[in-house]
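J.: Structure provided below as structure tokens; questions to follow.
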Amino acid sequence: MVKEFRVMAKDLAVGTSTLPKAELIKAIQLAEGNFDCFGTAMDYCDQQDCLFRGGCLN
């Protein structure tokens with residue numbers, strides 16, 4: 001799955017070579033115009049358009 005995130009990040013012109021998974025996702029979130037909050041939500045997230053919302057809340 002991280003490989004897919006790296007491809008996504010490359011498409012968004014986000015440097016990805018050494019970032020761990022959570023930091024990579026946060027960089028993608030910022031590039032998409034969302035908050036870089038992956039893994040920090042506590043039972044609720046108002047970022048409805050974030051691609052990682054489901055995985056973050058699980």
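If you're wondering about the labels, chains in the structure tokens are A, B, ... by order shown, residues count from 1 in each chain, ligands from 1 in order shown.
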Tell me, as a VMD selection string, which residues lie within 10 Å of Ala31 in chain A, counting only C-alpha atoms; anything in the same chain fewer than 5 positions away does not count.
T.: chain A and resid 9 12 to 14 25 to 26 36
J.: Please identify all polymer residues within 9 Å of Gln47 in chain A, counting only C-alpha atoms, omitting same-chain residues fewer than 6 positions from it, and present them as JSON, numbers by chain.
T.: {"A": [34, 35, 53]}
J.: Give me, as a list of chain:residue names, the residues of chain A that a backbone DSSP run labels alpha helix (DSSP H).
T.: A:Val2, A:Lys3, A:Glu4, A:Phe5, A:Arg6, A:Val7, A:Met8, A:Ala9, A:Lys10, A:Asp11, A:Lys21, A:Ala22, A:Glu23, A:Leu24, A:Ile25, A:Lys26, A:Ala27, A:Ile28, A:Gln29, A:Leu30, A:Ala31, A:Arg53, A:Gly54, A:Gly55, A:Cys56, A:Leu57
J.: Rank A:Cys50, A:Gly55, A:Glu32, A:Phe5 by their smallest atom-to-atom distance to Pro20 in chain A, using only C-alpha atoms, and report the top residue only.
T.: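 Closest to Pro20 in chain A of all the choices is A:Phe5.
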J.: What is the CA of Asp46 in chain A-CA of Lys21 in chain A distance in Å, reported with one decimal?
T.: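 Separation between CA of Asp46 in chain A and CA of Lys21 in chain A: 21.8 Å.
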J.: Nearest residue to Thr40 in chain A out of A:Leu57, A:Met8, A:Leu19, A:Ile28, using only C-alpha atoms?
T.: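 Ranking A:Leu57, A:Met8, A:Leu19, A:Ile28 by distance to Thr40 in chain A, first place goes to A:Leu57.
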J.: For Arg6 in chain A, find every residue with an atom within 9 Å (counting only C-alpha atoms), except residues of its own chain fewer than 4 positions away, and show them as number ranges by chain.
T.: A: 1-2, 10-11, 14-17, 24-25
J.: Could you list, as number ranges by chain, every residue within 9 Å of Ala22 in chain A, counting only C-alpha atoms and ignoring same-chain residues fewer than 4 positions away?
T.: A: 26-27, 38-39
J.: Keeping only C-alpha atoms, write the selected residues as a compact mmCIF listing (two decimals), in the first residue's frame.
T.:
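part.txt, freshly written:
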```
# COMPACT_ATOMS: atom_id res chain seq x y z
CA LYS A 26 0.29 13.82 5.72
CA ALA A 27 2.35 15.28 2.87
CA PHE A 38 -3.61 11.54 9.44
CA GLY A 39 -3.81 9.36 12.53
```
